[in-house]
Amino acid sequence: MRYARIYLGKRTSDVAHGSKNAEGDRTRYIDLAQPSEVLFPRMEDSSGALTVIHGQKEIPFAIARAYLISDIAPGASRGAHAHRKLRQVIMAAAGSFTLTVSSGTHSHEFFLTESSKGVYIPRLFWRELTNFSHDAVCLVFTDRPYEESDYIRSFSEYLDEANNG
Ligand code: TYD
C-alpha cells in the first residue's frame, strides 16, 4: 500500500464554516513513501485547547509507541540517524524546533511550532532536530517498538543502505 487516506481533523473554525464530509472531517491522501505534514484536530474554547491524535486516522499507521523529548540543553541537537524499518510522526507538543528530513539527495526543513501539526517520516530517511526553543517538548509516535538494530547512526552507512534498498 503506497497511499493512505488521513484525516485532517475537524477544527473549531470548520464548525462555523460547515463540515467537509459526512463525519465532519477533512481528508487527504498522502504518499507513504515520502515525508509529509499531518494535521491533528484542535478544539479550542475559552478555557483552552485540546488536540486529539489517533493511529490509522490522523497518523497513517497503528501507534506502537510514543515518547517525549524534553529539557533539551541550550544549543543541543537530536536525531542524526535513520531507521531501517520504523516510521514516525514527530510534533512539537510545546515550544518549537526545526526538523530536517533528508533522503541523501534532497532535504526538507519543517519548522514545528504548534501542537496541531506533525511530520510523517517514512523508513530510510535521515532526520535531524535542531534550533529547540527553551520550552520545547518533542512528541514522537512510532509504528514499532524500540530496537537499537533498526537505527542507522552513520550518515555514510545510511547513504549506502538508502541507495541499495
Ligand atoms: P535516540 O533515539 O538516539 O534519541 P534522539 O534521536 O532523540 O537523539 O535515543 C536516545 C537514547 O534513548 C538511546 O540510548 C536509546 C534510548 N531509547 C530507548 O531506550 N527507548 C526508546 O524508545 C527511545 C526512543 C530511545
# chains A, B, ... in the order shown; residues from 1 in each chain; ligands from 1
>>> closest_atom_pairs(of="chain A", to="ligand 1", cutoff="8 Å", atoms="only C-alpha atoms and all ligand atoms", output="JSON lines")
{"residue": "A:Arg65", "atom": "CA", "partner": "ligand 1", "partner_atom_place_in_ligand_line": "22 (O)", "distance": 7.4}
{"residue": "A:Ala66", "atom": "CA", "partner": "ligand 1", "partner_atom_place_in_ligand_line": "22 (O)", "distance": 7.7}
{"residue": "A:Tyr67", "atom": "CA", "partner": "ligand 1", "partner_atom_place_in_ligand_line": "24 (C)", "distance": 6.4}
{"residue": "A:Ile69", "atom": "CA", "partner": "ligand 1", "partner_atom_place_in_ligand_line": "7 (O)", "distance": 6.6}
{"residue": "A:Ser77", "atom": "CA", "partner": "ligand 1", "partner_atom_place_in_ligand_line": "8 (O)", "distance": 7.3}
{"residue": "A:Arg78", "atom": "CA", "partner": "ligand 1", "partner_atom_place_in_ligand_line": "8 (O)", "distance": 3.7}
{"residue": "A:Gly79", "atom": "CA", "partner": "ligand 1", "partner_atom_place_in_ligand_line": "6 (O)", "distance": 3.3}
{"residue": "A:Ala80", "atom": "CA", "partner": "ligand 1", "partner_atom_place_in_ligand_line": "6 (O)", "distance": 6.5}
{"residue": "A:His81", "atom": "CA", "partner": "ligand 1", "partner_atom_place_in_ligand_line": "6 (O)", "distance": 6.7}
{"residue": "A:Glu128", "atom": "CA", "partner": "ligand 1", "partner_atom_place_in_ligand_line": "6 (O)", "distance": 7.9}
{"residue": "A:Leu129", "atom": "CA", "partner": "ligand 1", "partner_atom_place_in_ligand_line": "7 (O)", "distance": 7.9}
{"residue": "A:Pro145", "atom": "CA", "partner": "ligand 1", "partner_atom_place_in_ligand_line": "22 (O)", "distance": 6.9}
{"residue": "A:Tyr146", "atom": "CA", "partner": "ligand 1", "partner_atom_place_in_ligand_line": "22 (O)", "distance": 4.6}
{"residue": "A:Glu147", "atom": "CA", "partner": "ligand 1", "partner_atom_place_in_ligand_line": "20 (N)", "distance": 7.7}
{"residue": "A:Glu148", "atom": "CA", "partner": "ligand 1", "partner_atom_place_in_ligand_line": "15 (C)", "distance": 6.9}
>>> write_last_selection(atoms="N, CA and C atoms", output="CSV table (one decimal), in the first residue's frame")
chain,number,residue,atom,x,y,z
A,65,ARG,N,4.2,3.0,19.9
A,65,ARG,CA,5.0,3.6,21.0
A,65,ARG,C,4.9,5.1,20.8
A,66,ALA,N,4.9,5.8,21.9
A,66,ALA,CA,5.1,7.3,21.9
A,66,ALA,C,6.2,7.6,22.9
A,67,TYR,N,7.0,8.6,22.6
A,67,TYR,CA,7.9,9.1,23.6
A,67,TYR,C,8.1,10.6,23.4
A,69,ILE,N,10.6,14.0,24.1
A,69,ILE,CA,12.0,14.6,24.4
A,69,ILE,C,11.8,16.0,25.0
A,77,SER,N,21.3,19.4,19.7
A,77,SER,CA,20.5,18.8,18.6
A,77,SER,C,20.3,17.3,18.9
A,78,ARG,N,19.3,16.8,18.3
A,78,ARG,CA,18.9,15.4,18.5
A,78,ARG,C,18.7,14.7,17.1
A,79,GLY,N,18.4,13.4,17.2
A,79,GLY,CA,18.2,12.7,15.9
A,79,GLY,C,19.6,12.3,15.3
A,80,ALA,N,19.9,12.8,14.1
A,80,ALA,CA,21.1,12.4,13.3
A,80,ALA,C,21.1,10.9,13.2
A,81,HIS,N,20.1,10.4,12.7
A,81,HIS,CA,20.0,8.9,12.4
A,81,HIS,C,18.9,8.7,11.4
A,128,GLU,N,17.2,15.2,11.5
A,128,GLU,CA,17.9,16.0,12.5
A,128,GLU,C,17.0,17.0,13.1
A,129,LEU,N,17.1,17.1,14.4
A,129,LEU,CA,16.2,18.1,15.1
A,129,LEU,C,17.2,19.1,15.8
A,145,PRO,N,8.2,-1.0,18.2
A,145,PRO,CA,8.9,-0.9,19.5
A,145,PRO,C,10.3,-0.4,19.3
A,146,TYR,N,10.9,0.0,20.4
A,146,TYR,CA,12.3,0.4,20.3
A,146,TYR,C,13.2,-0.8,20.0
A,147,GLU,N,14.1,-0.6,19.1
A,147,GLU,CA,15.1,-1.7,18.7
A,147,GLU,C,16.3,-1.0,18.2
A,148,GLU,N,17.4,-1.1,18.9
A,148,GLU,CA,18.6,-0.4,18.5
A,148,GLU,C,19.1,-0.9,17.1
>>> residues_around(residues="A:Val89", least_positions_apart="6", cutoff="8 Å", atoms="only C-alpha atoms", output="number ranges by chain")
A: 59, 118-121, 140-142
>>> closest_residue(among="A:Asp143, A:Glu58, A:Glu157, A:Asp135", to="A:Ile72", atoms="only C-alpha atoms")
A:Asp135
>>> select_by_dssp(residues="stretch 92-152 of chain A", states="strand (DSSP E)", output="number ranges by chain")
A: 92-94, 97-102, 107-112, 117-121, 126-130, 137-142, 151-152
>>> write_last_selection(atoms="C-alpha atoms", output="PDB file, in the first residue's frame")
ATOM      1  CA  ALA A  92       6.106  19.932  18.881  1.00  0.00           C
ATOM      2  CA  ALA A  93       3.855  19.381  21.895  1.00  0.00           C
ATOM      3  CA  ALA A  94       5.228  22.681  23.239  1.00  0.00           C
ATOM      4  CA  PHE A  97      12.204  23.283  16.792  1.00  0.00           C
ATOM      5  CA  THR A  98      13.421  22.619  13.266  1.00  0.00           C
ATOM      6  CA  LEU A  99      13.134  19.131  11.787  1.00  0.00           C
ATOM      7  CA  THR A 100      15.305  18.398   8.747  1.00  0.00           C
ATOM      8  CA  VAL A 101      14.408  15.262   6.790  1.00  0.00           C
ATOM      9  CA  SER A 102      16.813  14.110   4.101  1.00  0.00           C
ATOM     10  CA  SER A 107      16.369  17.549   2.175  1.00  0.00           C
ATOM     11  CA  HIS A 108      13.353  19.360   3.537  1.00  0.00           C
ATOM     12  CA  GLU A 109      13.101  21.591   6.616  1.00  0.00           C
ATOM     13  CA  PHE A 110       9.961  21.728   8.745  1.00  0.00           C
ATOM     14  CA  PHE A 111       9.635  24.379  11.452  1.00  0.00           C
ATOM     15  CA  LEU A 112       7.380  22.776  14.054  1.00  0.00           C
ATOM     16  CA  LYS A 117       0.747  19.776  13.196  1.00  0.00           C
ATOM     17  CA  GLY A 118       3.222  16.897  12.833  1.00  0.00           C
ATOM     18  CA  VAL A 119       5.542  15.415  10.220  1.00  0.00           C
ATOM     19  CA  TYR A 120       5.307  11.811   8.983  1.00  0.00           C
ATOM     20  CA  ILE A 121       8.731  10.278   8.229  1.00  0.00           C
ATOM     21  CA  TRP A 126      17.793  10.787   7.724  1.00  0.00           C
ATOM     22  CA  ARG A 127      16.427  13.210  10.360  1.00  0.00           C
ATOM     23  CA  GLU A 128      17.943  15.971  12.485  1.00  0.00           C
ATOM     24  CA  LEU A 129      16.232  18.082  15.134  1.00  0.00           C
ATOM     25  CA  THR A 130      17.813  21.458  15.844  1.00  0.00           C
ATOM     26  CA  VAL A 137       8.786  19.333  24.044  1.00  0.00           C
ATOM     27  CA  CYS A 138       9.087  16.965  21.092  1.00  0.00           C
ATOM     28  CA  LEU A 139       6.441  14.233  20.931  1.00  0.00           C
ATOM     29  CA  VAL A 140       7.103  11.208  18.704  1.00  0.00           C
ATOM     30  CA  PHE A 141       4.764   8.391  17.612  1.00  0.00           C
ATOM     31  CA  THR A 142       6.183   5.248  16.009  1.00  0.00           C
ATOM     32  CA  TYR A 151      18.948   2.561  13.792  1.00  0.00           C
ATOM     33  CA  ILE A 152      21.484   3.721  11.196  1.00  0.00           C
TER      34      ILE A 152
END
>>> residues_around(residues="A:Ala73", least_positions_apart="2", cutoff="10 Å", atoms="only C-alpha atoms", output="NGL selection string")
:A and (70-71 or 75-77 or 132-134)
>>> residues_around(residues="A:Leu86", least_positions_apart="2", cutoff="8 Å", atoms="only C-alpha atoms", output="compact mmCIF listing (two decimals) with C-alpha atoms, in the first residue's frame")
# COMPACT_ATOMS: atom_id res chain seq x y z
CA HIS A 83 15.59 3.87 10.70
CA ARG A 84 15.69 0.71 8.61
CA GLN A 88 7.38 8.03 12.83
CA PRO A 122 8.88 7.02 6.22
CA ARG A 123 11.60 4.42 6.75
CA THR A 142 6.18 5.25 16.01
CA ASP A 143 4.82 2.11 14.37
CA ARG A 144 7.35 -0.23 16.05
CA ASP A 150 16.80 -0.61 13.50
>>> closest_residue(among="A:Leu39, A:Leu68, A:Ala82, A:Ala136", to="A:Gly104", atoms="only C-alpha atoms")
A:Ala82
>>> select_by_dssp(residues="stretch 2-165 of chain A", states="helix (DSSP H, G or I)", output="JSON, numbers by chain")
{"A": [12, 13, 14, 15, 16, 17, 148, 149, 150, 155, 156, 157, 158, 159, 160, 161, 162, 163]}
>>> write_last_selection(atoms="N, CA, C and O atoms", output="compact mmCIF listing (two decimals), in the first residue's frame")
# COMPACT_ATOMS: atom_id res chain seq x y z
N THR A 12 -12.37 23.87 15.32
CA THR A 12 -13.42 24.76 15.81
C THR A 12 -13.88 25.69 14.69
O THR A 12 -15.07 25.90 14.50
N SER A 13 -12.91 26.16 13.88
CA SER A 13 -13.27 27.12 12.84
C SER A 13 -14.08 26.45 11.72
O SER A 13 -14.91 27.08 11.09
N ASP A 14 -13.86 25.12 11.49
CA ASP A 14 -14.62 24.41 10.46
C ASP A 14 -16.10 24.31 10.83
O ASP A 14 -16.96 24.28 9.96
N VAL A 15 -16.35 24.17 12.12
CA VAL A 15 -17.74 24.01 12.54
C VAL A 15 -18.54 25.22 12.09
O VAL A 15 -19.62 25.11 11.53
N ALA A 16 -17.94 26.38 12.23
CA ALA A 16 -18.61 27.60 11.81
C ALA A 16 -18.79 27.66 10.30
O ALA A 16 -19.78 28.17 9.81
N HIS A 17 -17.84 27.07 9.56
CA HIS A 17 -17.88 27.17 8.10
C HIS A 17 -18.50 25.95 7.43
O HIS A 17 -18.47 25.81 6.22
N GLU A 148 17.41 -1.08 18.91
CA GLU A 148 18.64 -0.39 18.50
C GLU A 148 19.12 -0.86 17.12
O GLU A 148 19.68 -0.08 16.35
N SER A 149 18.87 -2.13 16.78
CA SER A 149 19.35 -2.65 15.49
C SER A 149 18.60 -2.02 14.30
O SER A 149 19.03 -2.19 13.16
N ASP A 150 17.53 -1.29 14.57
CA ASP A 150 16.80 -0.61 13.50
C ASP A 150 17.43 0.75 13.14
O ASP A 150 17.10 1.35 12.13
N PHE A 155 26.04 8.55 8.74
CA PHE A 155 25.44 9.09 7.50
C PHE A 155 25.95 8.34 6.27
O PHE A 155 25.19 8.09 5.34
N SER A 156 27.22 7.95 6.28
CA SER A 156 27.74 7.25 5.09
C SER A 156 27.11 5.86 4.97
O SER A 156 26.76 5.41 3.88
N GLU A 157 26.89 5.19 6.11
CA GLU A 157 26.18 3.91 6.09
C GLU A 157 24.75 4.10 5.59
O GLU A 157 24.21 3.29 4.83
N TYR A 158 24.14 5.20 6.04
CA TYR A 158 22.78 5.50 5.60
C TYR A 158 22.72 5.64 4.08
O TYR A 158 21.85 5.06 3.42
N LEU A 159 23.67 6.40 3.53
CA LEU A 159 23.67 6.60 2.07
C LEU A 159 23.80 5.27 1.34
O LEU A 159 23.10 5.02 0.36
N ASP A 160 24.65 4.40 1.85
CA ASP A 160 24.82 3.07 1.24
C ASP A 160 23.50 2.30 1.26
O ASP A 160 23.07 1.77 0.25
N GLU A 161 22.87 2.27 2.44
CA GLU A 161 21.64 1.47 2.57
C GLU A 161 20.49 2.08 1.79
O GLU A 161 19.69 1.36 1.18
N ALA A 162 20.40 3.41 1.78
CA ALA A 162 19.31 4.08 1.05
C ALA A 162 19.46 3.85 -0.45
O ALA A 162 18.46 3.70 -1.15
N ASN A 163 20.69 3.83 -0.94
CA ASN A 163 20.89 3.66 -2.37
C ASN A 163 20.78 2.21 -2.82
O ASN A 163 20.57 1.94 -3.99
>>> atom_distance(atom1="atom CA of A:Gly48", atom2="atom CA of A:Ser96")
19.1 Å
>>> closest_residue(among="A:Leu8, A:Gly95, A:Tyr3, A:Arg153", to="A:Thr51", atoms="only C-alpha atoms")
A:Leu8
>>> closest_residue(among="A:Arg2, A:Met91, A:Gly55, A:Glu114", to="A:Arg42", atoms="only C-alpha atoms")
A:Glu114
